[in-house]
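The file structure38.pdb contains PDB, C-alpha atoms:
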```pdb
ATOM      1  CA  MET Z   1       6.282 -17.557   2.867
ATOM      2  CA  GLU Z   2       3.538 -19.663   1.333
ATOM      3  CA  ARG Z   3       1.637 -18.557  -1.730
ATOM      4  CA  GLY Z   4      -0.436 -19.939  -4.558
ATOM      5  CA  TYR Z   5      -3.864 -20.212  -6.105
ATOM      6  CA  ARG Z   6      -6.901 -21.701  -4.385
ATOM      7  CA  SER Z   7     -10.378 -22.467  -5.575
ATOM      8  CA  VAL Z   8     -13.566 -20.945  -4.247
ATOM      9  CA  PRO Z   9     -17.109 -22.112  -5.042
ATOM     10  CA  GLY Z  10     -17.810 -21.380  -8.701
ATOM     11  CA  CYS Z  11     -14.253 -20.352  -9.552
ATOM     12  CA  GLN Z  12     -11.425 -22.890 -10.004
ATOM     13  CA  GLY Z  13      -8.048 -21.520  -8.959
ATOM     14  CA  CYS Z  14      -9.119 -17.880  -8.943
ATOM     15  CA  ARG Z  15      -8.128 -16.841  -5.403
ATOM     16  CA  TYR Z  16      -4.504 -16.120  -4.715
ATOM     17  CA  TYR Z  17      -3.380 -16.572  -1.129
ATOM     18  CA  VAL Z  18      -0.257 -15.493   0.678
ATOM     19  CA  ARG Z  19       0.878 -16.422   4.167
ATOM     20  CA  TYR Z  20       3.775 -14.381   5.511
ATOM     21  CA  ARG Z  21       6.057 -15.109   8.372
ATOM     22  CA  SER Z  22       7.327 -11.867   9.746
ATOM     23  CA  CYS Z  23       9.899 -10.738  12.233
ATOM     24  CA  ILE Z  24       8.032  -8.260  14.365
ATOM     25  CA  VAL Z  25      10.048  -5.542  16.023
ATOM     26  CA  PRO Z  26       8.727  -4.735  19.496
ATOM     27  CA  GLU Z  27       7.363  -1.228  19.899
ATOM     28  CA  PRO Z  28       9.364   1.015  22.193
ATOM     29  CA  ASP Z  29       7.857   1.828  25.593
ATOM     30  CA  THR Z  30       7.261   5.380  24.363
ATOM     31  CA  ALA Z  31       5.119   4.225  21.407
ATOM     32  CA  ASP Z  32       1.590   5.615  21.124
ATOM     33  CA  ARG Z  33      -0.486   2.438  21.200
ATOM     34  CA  ASP Z  34      -3.655   4.415  20.440
ATOM     35  CA  PHE Z  35      -2.274   5.609  17.095
ATOM     36  CA  SER Z  36      -3.652   3.589  14.170
ATOM     37  CA  VAL Z  37      -4.822   3.924  10.589
ATOM     38  CA  GLU Z  38      -7.495   1.945   8.763
ATOM     39  CA  LEU Z  39      -7.616   1.293   5.027
ATOM     40  CA  LYS Z  40     -10.758   0.116   3.222
ATOM     41  CA  VAL Z  41     -10.921  -0.686  -0.488
ATOM     42  CA  SER Z  42     -14.239  -0.175  -2.296
ATOM     43  CA  ARG Z  43     -13.760  -3.411  -4.265
ATOM     44  CA  GLU Z  44     -11.399  -6.329  -3.716
ATOM     45  CA  VAL Z  45     -12.018  -7.966  -7.103
ATOM     46  CA  LEU Z  46     -11.483  -5.836 -10.198
ATOM     47  CA  TYR Z  47     -11.252  -6.364 -13.926
ATOM     48  CA  GLU Z  48      -8.700  -4.477 -15.983
ATOM     49  CA  GLY Z  49      -9.957  -0.913 -16.453
ATOM     50  CA  ASP Z  50     -12.270  -0.939 -13.392
ATOM     51  CA  GLU Z  51     -11.974   1.903 -10.900
ATOM     52  CA  ALA Z  52     -11.790   1.642  -7.123
ATOM     53  CA  THR Z  53     -11.623   4.055  -4.211
ATOM     54  CA  LEU Z  54      -9.791   3.881  -0.909
ATOM     55  CA  GLU Z  55     -11.075   5.097   2.426
ATOM     56  CA  ILE Z  56      -8.356   6.005   4.919
ATOM     57  CA  THR Z  57      -9.201   6.782   8.552
ATOM     58  CA  PRO Z  58      -6.459   7.621  11.061
ATOM     59  CA  SER Z  59      -7.063   7.640  14.820
ATOM     60  CA  LYS Z  60      -5.020  10.847  15.228
ATOM     61  CA  ASP Z  61      -3.833  13.730  13.045
ATOM     62  CA  CYS Z  62      -1.144  12.438  10.712
ATOM     63  CA  TYR Z  63       0.632  12.473   7.375
ATOM     64  CA  ILE Z  64      -0.017   9.557   5.061
ATOM     65  CA  TYR Z  65       2.079   7.643   2.561
ATOM     66  CA  LEU Z  66       0.284   5.348   0.124
ATOM     67  CA  TYR Z  67       1.923   2.444  -1.755
ATOM     68  CA  ASP Z  68       1.017  -0.182  -4.347
ATOM     69  CA  THR Z  69       3.051  -3.423  -4.437
ATOM     70  CA  TYR Z  70       2.537  -5.730  -7.408
ATOM     71  CA  ASP Z  71       4.130  -8.527  -9.418
ATOM     72  CA  ILE Z  72       6.203  -7.383 -12.390
ATOM     73  CA  GLY Z  73       6.723 -10.889 -13.741
ATOM     74  CA  ARG Z  74       9.072 -13.773 -13.094
ATOM     75  CA  GLY Z  75       8.256 -13.649  -9.385
ATOM     76  CA  LYS Z  76       9.593 -10.120  -8.867
ATOM     77  CA  LYS Z  77       7.680  -7.417  -7.008
ATOM     78  CA  GLN Z  78       7.702  -3.672  -7.384
ATOM     79  CA  THR Z  79       6.446  -1.028  -4.977
ATOM     80  CA  ASP Z  80       5.223   2.315  -6.292
ATOM     81  CA  LEU Z  81       4.628   5.380  -4.151
ATOM     82  CA  LEU Z  82       1.132   6.724  -4.893
ATOM     83  CA  LEU Z  83       1.141   9.517  -2.291
ATOM     84  CA  PRO Z  84       2.749  11.927  -1.745
ATOM     85  CA  SER Z  85       3.194  12.871  -5.384
ATOM     86  CA  GLU Z  86       3.896  15.945  -7.479
ATOM     87  CA  TYR Z  87       0.145  16.705  -7.350
ATOM     88  CA  ALA Z  88      -0.135  16.189  -3.600
ATOM     89  CA  PRO Z  89       3.327  16.746  -2.084
ATOM     90  CA  GLU Z  90       1.935  16.370   1.428
ATOM     91  CA  VAL Z  91      -1.215  14.607   2.583
ATOM     92  CA  ARG Z  92      -2.294  15.465   6.119
ATOM     93  CA  LEU Z  93      -5.405  13.901   7.635
ATOM     94  CA  LYS Z  94      -7.407  14.728  10.758
ATOM     95  CA  GLY Z  95      -7.813  12.048  13.396
ATOM     96  CA  GLY Z  96     -11.151  10.219  13.282
ATOM     97  CA  GLN Z  97     -12.107  11.633   9.877
ATOM     98  CA  ALA Z  98     -12.316   9.321   6.870
ATOM     99  CA  TRP Z  99     -10.720  10.474   3.621
ATOM    100  CA  VAL Z 100     -11.728   8.930   0.314
ATOM    101  CA  PHE Z 101      -9.049   8.676  -2.347
ATOM    102  CA  THR Z 102      -9.673   9.971  -4.883
ATOM    103  CA  ASP Z 103     -12.248  12.514  -3.795
ATOM    104  CA  ASP Z 104     -13.318  15.609  -5.751
ATOM    105  CA  GLU Z 105     -10.653  17.736  -4.029
ATOM    106  CA  ALA Z 106      -7.919  15.287  -5.053
ATOM    107  CA  LYS Z 107      -9.188  15.214  -8.637
ATOM    108  CA  LYS Z 108      -9.071  19.045  -8.752
ATOM    109  CA  ARG Z 109      -5.389  18.819  -7.760
ATOM    110  CA  GLY Z 110      -4.714  16.501 -10.704
ATOM    111  CA  LEU Z 111      -4.721  13.154  -8.889
ATOM    112  CA  LEU Z 112      -6.131  10.398 -11.025
ATOM    113  CA  GLY Z 113      -8.437   7.698  -9.740
ATOM    114  CA  LEU Z 114      -7.293   4.161  -9.056
ATOM    115  CA  THR Z 115      -7.742   2.206 -12.280
ATOM    116  CA  ALA Z 116      -6.991  -1.531 -12.331
ATOM    117  CA  GLN Z 117      -4.107  -2.448 -14.623
ATOM    118  CA  LEU Z 118      -2.429  -5.786 -15.145
ATOM    119  CA  PRO Z 119       1.387  -6.000 -15.195
ATOM    120  CA  PRO Z 120       3.109  -5.775 -18.600
ATOM    121  CA  ASP Z 121       3.230  -9.577 -19.089
ATOM    122  CA  LYS Z 122      -0.629  -9.648 -18.854
ATOM    123  CA  PRO Z 123      -1.215 -12.635 -16.543
ATOM    124  CA  ALA Z 124      -4.789 -13.915 -16.134
ATOM    125  CA  VAL Z 125      -4.846 -12.466 -12.617
ATOM    126  CA  SER Z 126      -2.653 -10.156 -10.561
ATOM    127  CA  VAL Z 127      -2.797  -9.671  -6.808
ATOM    128  CA  GLU Z 128      -1.705  -6.280  -5.505
ATOM    129  CA  GLU Z 129      -1.215  -4.920  -2.031
ATOM    130  CA  ILE Z 130      -2.281  -1.373  -1.245
ATOM    131  CA  ARG Z 131      -0.555  -0.136   1.920
ATOM    132  CA  VAL Z 132      -1.003   3.073   3.881
ATOM    133  CA  ILE Z 133       1.568   4.281   6.376
ATOM    134  CA  ALA Z 134       0.667   7.088   8.772
ATOM    135  CA  SER Z 135       3.124   9.214  10.737
ATOM    136  CA  LYS Z 136       2.416  11.983  13.236
ATOM    137  CA  THR Z 137       5.253  14.021  11.778
ATOM    138  CA  PRO Z 138       6.188  14.431   8.111
ATOM    139  CA  ARG Z 139       8.935  12.073   6.998
ATOM    140  CA  PRO Z 140      11.805  12.978   4.667
ATOM    141  CA  VAL Z 141      11.750  11.549   1.146
ATOM    142  CA  LYS Z 142      14.728   9.298   1.881
ATOM    143  CA  MET Z 143      12.640   7.528   4.528
ATOM    144  CA  TYR Z 144       9.365   6.930   2.675
ATOM    145  CA  ASP Z 145      10.411   6.586  -0.978
ATOM    146  CA  PRO Z 146      10.621   2.889  -1.977
ATOM    147  CA  LYS Z 147      13.080   3.752  -4.767
ATOM    148  CA  VAL Z 148      15.750   4.810  -2.259
ATOM    149  CA  PRO Z 149      18.028   1.766  -2.001
ATOM    150  CA  ASN Z 150      18.935   0.187   1.303
ATOM    151  CA  PRO Z 151      22.700  -0.402   1.137
ATOM    152  CA  LYS Z 152      22.585  -3.025   3.905
ATOM    153  CA  GLN Z 153      20.143  -5.386   2.216
ATOM    154  CA  ALA Z 154      18.998  -6.165  -1.323
ATOM    155  CA  ASP Z 155      15.261  -5.636  -1.666
ATOM    156  CA  GLU Z 156      13.678  -5.663  -5.082
ATOM    157  CA  SER Z 157      10.261  -4.357  -4.053
ATOM    158  CA  GLY Z 158      11.346  -1.400  -1.902
ATOM    159  CA  ARG Z 159       8.518  -2.010   0.585
ATOM    160  CA  ALA Z 160      10.719  -3.823   3.078
ATOM    161  CA  SER Z 161      13.340  -1.055   2.909
ATOM    162  CA  VAL Z 162      10.731   1.565   3.784
ATOM    163  CA  LEU Z 163       9.558  -0.496   6.764
ATOM    164  CA  ARG Z 164      13.142  -1.056   7.964
ATOM    165  CA  ARG Z 165      13.867   2.669   7.783
ATOM    166  CA  LEU Z 166      10.681   3.474   9.704
ATOM    167  CA  ASN Z 167      11.470   0.874  12.372
ATOM    168  CA  SER Z 168      14.950   2.270  12.920
ATOM    169  CA  SER Z 169      13.810   5.932  12.927
ATOM    170  CA  GLY Z 170      12.265   5.962  16.387
ATOM    171  CA  VAL Z 171       9.179   7.851  15.140
ATOM    172  CA  SER Z 172       5.631   6.775  15.892
ATOM    173  CA  TRP Z 173       3.932   5.312  12.825
ATOM    174  CA  ALA Z 174       1.033   3.012  11.961
ATOM    175  CA  GLU Z 175       0.081   1.001   8.907
ATOM    176  CA  ASP Z 176      -2.708  -0.977   7.293
ATOM    177  CA  SER Z 177      -2.987  -2.804   3.997
ATOM    178  CA  ALA Z 178      -5.530  -4.424   1.717
ATOM    179  CA  ALA Z 179      -5.199  -6.873  -1.160
ATOM    180  CA  ILE Z 180      -6.974  -6.552  -4.473
ATOM    181  CA  SER Z 181      -7.212  -9.079  -7.325
ATOM    182  CA  ILE Z 182      -7.192  -7.833 -10.891
ATOM    183  CA  PHE Z 183      -8.451 -10.101 -13.671
ATOM    184  CA  GLN Z 184      -8.263  -9.798 -17.449
ATOM    185  CA  LYS Z 185     -11.367  -8.169 -18.865
ATOM    186  CA  LYS Z 186     -13.790 -10.721 -20.280
TER     187      LYS Z 186
END
```
Now, as a test, write the supplied structure out as structure tokens.
Amino acid sequence: MERGYRSVPGCQGCRYYVRYRSCIVPEPDTADRDFSVELKVSREVLYEGDEATLEITPSKDCYIYLYDTYDIGRGKKQTDLLLPSEYAPEVRLKGGQAWVFTDDEAKKRGLLGLTAQLPPDKPAVSVEEIRVIASKTPRPVKMYDPKVPNPKQADESGRASVLRRLNSSGVSWAEDSAAISIFQKK
């Protein structure tokens, strides 16, 4: 994995880049290749306290699981499960219909909006990954919760454990992700 800061016109060292090398598991012959999910973020650059929305559009009816992976300092990552939650224990979407998180319906159920926050050590900038996973059937908590440890492999963020469990489950699932940069408020 390569990572670091890069400059863009008018901003020295303000873009963080990551290049992953990944071991891709081939899809089984029975996989639904027309099943996908798309994630759009309203803003990719945020300052602490700014709000953003997500637009999630699946190709087919599905259940969604939403995650936020971020740096907790000293090079360690943490993955938090945003959805499902106690306020939305199950999120089912219709194929081809975009859902905006957080919409008025979600706010009525007690879901808060997405507000940019820097990690506790307050770096000048933090890069976070928002990831949506869609499944045609609801998954048990032990499969989608990043806090459930994987006894076969140490994984500090939890994200990789979730993906390993999904890959070994034999269920049809799809994913998409988006990166956001959060800066200290000026």
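Pairwise distance (CA of Val100 (chain Z), CA of Thr53 (chain Z)) equals 6.7 Å.
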Computed interatomic separation between CA of Arg159 (chain Z) and CA of Leu54 (chain Z) (Å):
19.3 Å
Given the file above and the PyMOL selection byres ((chain Z and resi 186) around 12), which residues are selected, and can you give them as number ranges by chain?
Z: 46-49, 124-125, 182-185
Report as a PyMOL selection string the residues that result from applying the PyMOL selection byres ((chain Z and resi 166) around 12) to the structure here.
chain Z and resi 25+27+65+133-135+138-146+159-165+167-175
Please tell me which residues are no farther than 12 Å from (-4.1, -7.7, 1.5) in the file, counting all atoms listed in the file, and write them as number ranges by chain.
Z: 16-20, 39-41, 44-45, 68-70, 127-132, 176-181
What separation in Å, quoted to one decimal, exists between CA of Asp32 (chain Z) and CA of Tyr67 (chain Z)?
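Going from CA of Asp32 (chain Z) over to CA of Tyr67 (chain Z) covers 23.1 Å.
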All heavy atoms restored at region 115-126 of chain Z, emitted as a short mmCIF file (atom, residue, chain, number, x, y, z; two decimals), keeping the file's coordinate frame:
```cif
data_model
loop_
_atom_site.label_atom_id
_atom_site.label_comp_id
_atom_site.auth_asym_id
_atom_site.auth_seq_id
_atom_site.Cartn_x
_atom_site.Cartn_y
_atom_site.Cartn_z
N THR Z 115 -7.23 3.02 -11.18
CA THR Z 115 -7.74 2.21 -12.28
C THR Z 115 -6.94 0.91 -12.33
O THR Z 115 -5.70 0.94 -12.35
CB THR Z 115 -7.61 2.96 -13.62
OG1 THR Z 115 -8.31 4.21 -13.51
CG2 THR Z 115 -8.20 2.15 -14.75
N ALA Z 116 -7.64 -0.22 -12.34
CA ALA Z 116 -6.99 -1.53 -12.33
C ALA Z 116 -6.22 -1.76 -13.63
O ALA Z 116 -6.77 -1.59 -14.72
CB ALA Z 116 -8.04 -2.62 -12.13
N GLN Z 117 -4.96 -2.13 -13.48
CA GLN Z 117 -4.11 -2.45 -14.62
C GLN Z 117 -3.34 -3.72 -14.32
O GLN Z 117 -2.82 -3.88 -13.21
CB GLN Z 117 -3.10 -1.34 -14.88
CG GLN Z 117 -3.70 -0.04 -15.31
CD GLN Z 117 -2.64 1.04 -15.52
OE1 GLN Z 117 -1.55 0.97 -14.95
NE2 GLN Z 117 -2.95 2.01 -16.33
N LEU Z 118 -3.24 -4.59 -15.30
CA LEU Z 118 -2.43 -5.79 -15.14
C LEU Z 118 -0.97 -5.45 -15.44
O LEU Z 118 -0.69 -4.51 -16.19
CB LEU Z 118 -2.92 -6.88 -16.09
CG LEU Z 118 -4.24 -7.53 -15.71
CD1 LEU Z 118 -4.77 -8.39 -16.84
CD2 LEU Z 118 -4.09 -8.36 -14.44
N PRO Z 119 -0.03 -6.22 -14.89
CA PRO Z 119 1.39 -6.00 -15.20
C PRO Z 119 1.65 -6.18 -16.69
O PRO Z 119 0.82 -6.75 -17.41
CB PRO Z 119 2.10 -7.09 -14.38
CG PRO Z 119 1.14 -7.46 -13.32
CD PRO Z 119 -0.23 -7.27 -13.90
N PRO Z 120 2.81 -5.72 -17.17
CA PRO Z 120 3.11 -5.78 -18.60
C PRO Z 120 3.01 -7.16 -19.24
O PRO Z 120 2.66 -7.27 -20.41
CB PRO Z 120 4.55 -5.26 -18.68
CG PRO Z 120 4.73 -4.44 -17.46
CD PRO Z 120 3.86 -5.05 -16.41
N ASP Z 121 3.29 -8.24 -18.48
CA ASP Z 121 3.23 -9.58 -19.09
C ASP Z 121 1.80 -10.12 -19.17
O ASP Z 121 1.59 -11.23 -19.65
CB ASP Z 121 4.15 -10.55 -18.36
CG ASP Z 121 3.78 -10.78 -16.91
OD1 ASP Z 121 2.99 -9.98 -16.34
OD2 ASP Z 121 4.27 -11.76 -16.32
N LYS Z 122 0.81 -9.35 -18.73
CA LYS Z 122 -0.63 -9.65 -18.85
C LYS Z 122 -1.01 -11.06 -18.36
O LYS Z 122 -1.54 -11.87 -19.10
CB LYS Z 122 -1.10 -9.48 -20.30
CG LYS Z 122 -0.94 -8.08 -20.84
CD LYS Z 122 -1.89 -7.13 -20.18
CE LYS Z 122 -1.78 -5.75 -20.80
NZ LYS Z 122 -2.49 -4.75 -20.10
N PRO Z 123 -0.76 -11.35 -17.07
CA PRO Z 123 -1.22 -12.64 -16.54
C PRO Z 123 -2.74 -12.64 -16.46
O PRO Z 123 -3.39 -11.60 -16.55
CB PRO Z 123 -0.59 -12.67 -15.14
CG PRO Z 123 -0.49 -11.22 -14.76
CD PRO Z 123 -0.17 -10.50 -16.05
N ALA Z 124 -3.33 -13.81 -16.25
CA ALA Z 124 -4.79 -13.92 -16.13
C ALA Z 124 -5.29 -13.18 -14.90
O ALA Z 124 -6.40 -12.64 -14.89
CB ALA Z 124 -5.21 -15.39 -16.08
N VAL Z 125 -4.47 -13.16 -13.85
CA VAL Z 125 -4.85 -12.47 -12.62
C VAL Z 125 -3.59 -11.90 -11.95
O VAL Z 125 -2.51 -12.48 -12.06
CB VAL Z 125 -5.60 -13.41 -11.64
CG1 VAL Z 125 -4.72 -14.55 -11.19
CG2 VAL Z 125 -6.14 -12.66 -10.45
N SER Z 126 -3.74 -10.77 -11.31
CA SER Z 126 -2.65 -10.16 -10.56
C SER Z 126 -3.19 -9.78 -9.19
O SER Z 126 -4.30 -9.27 -9.07
CB SER Z 126 -2.16 -8.89 -11.28
OG SER Z 126 -1.19 -8.22 -10.50
#
```
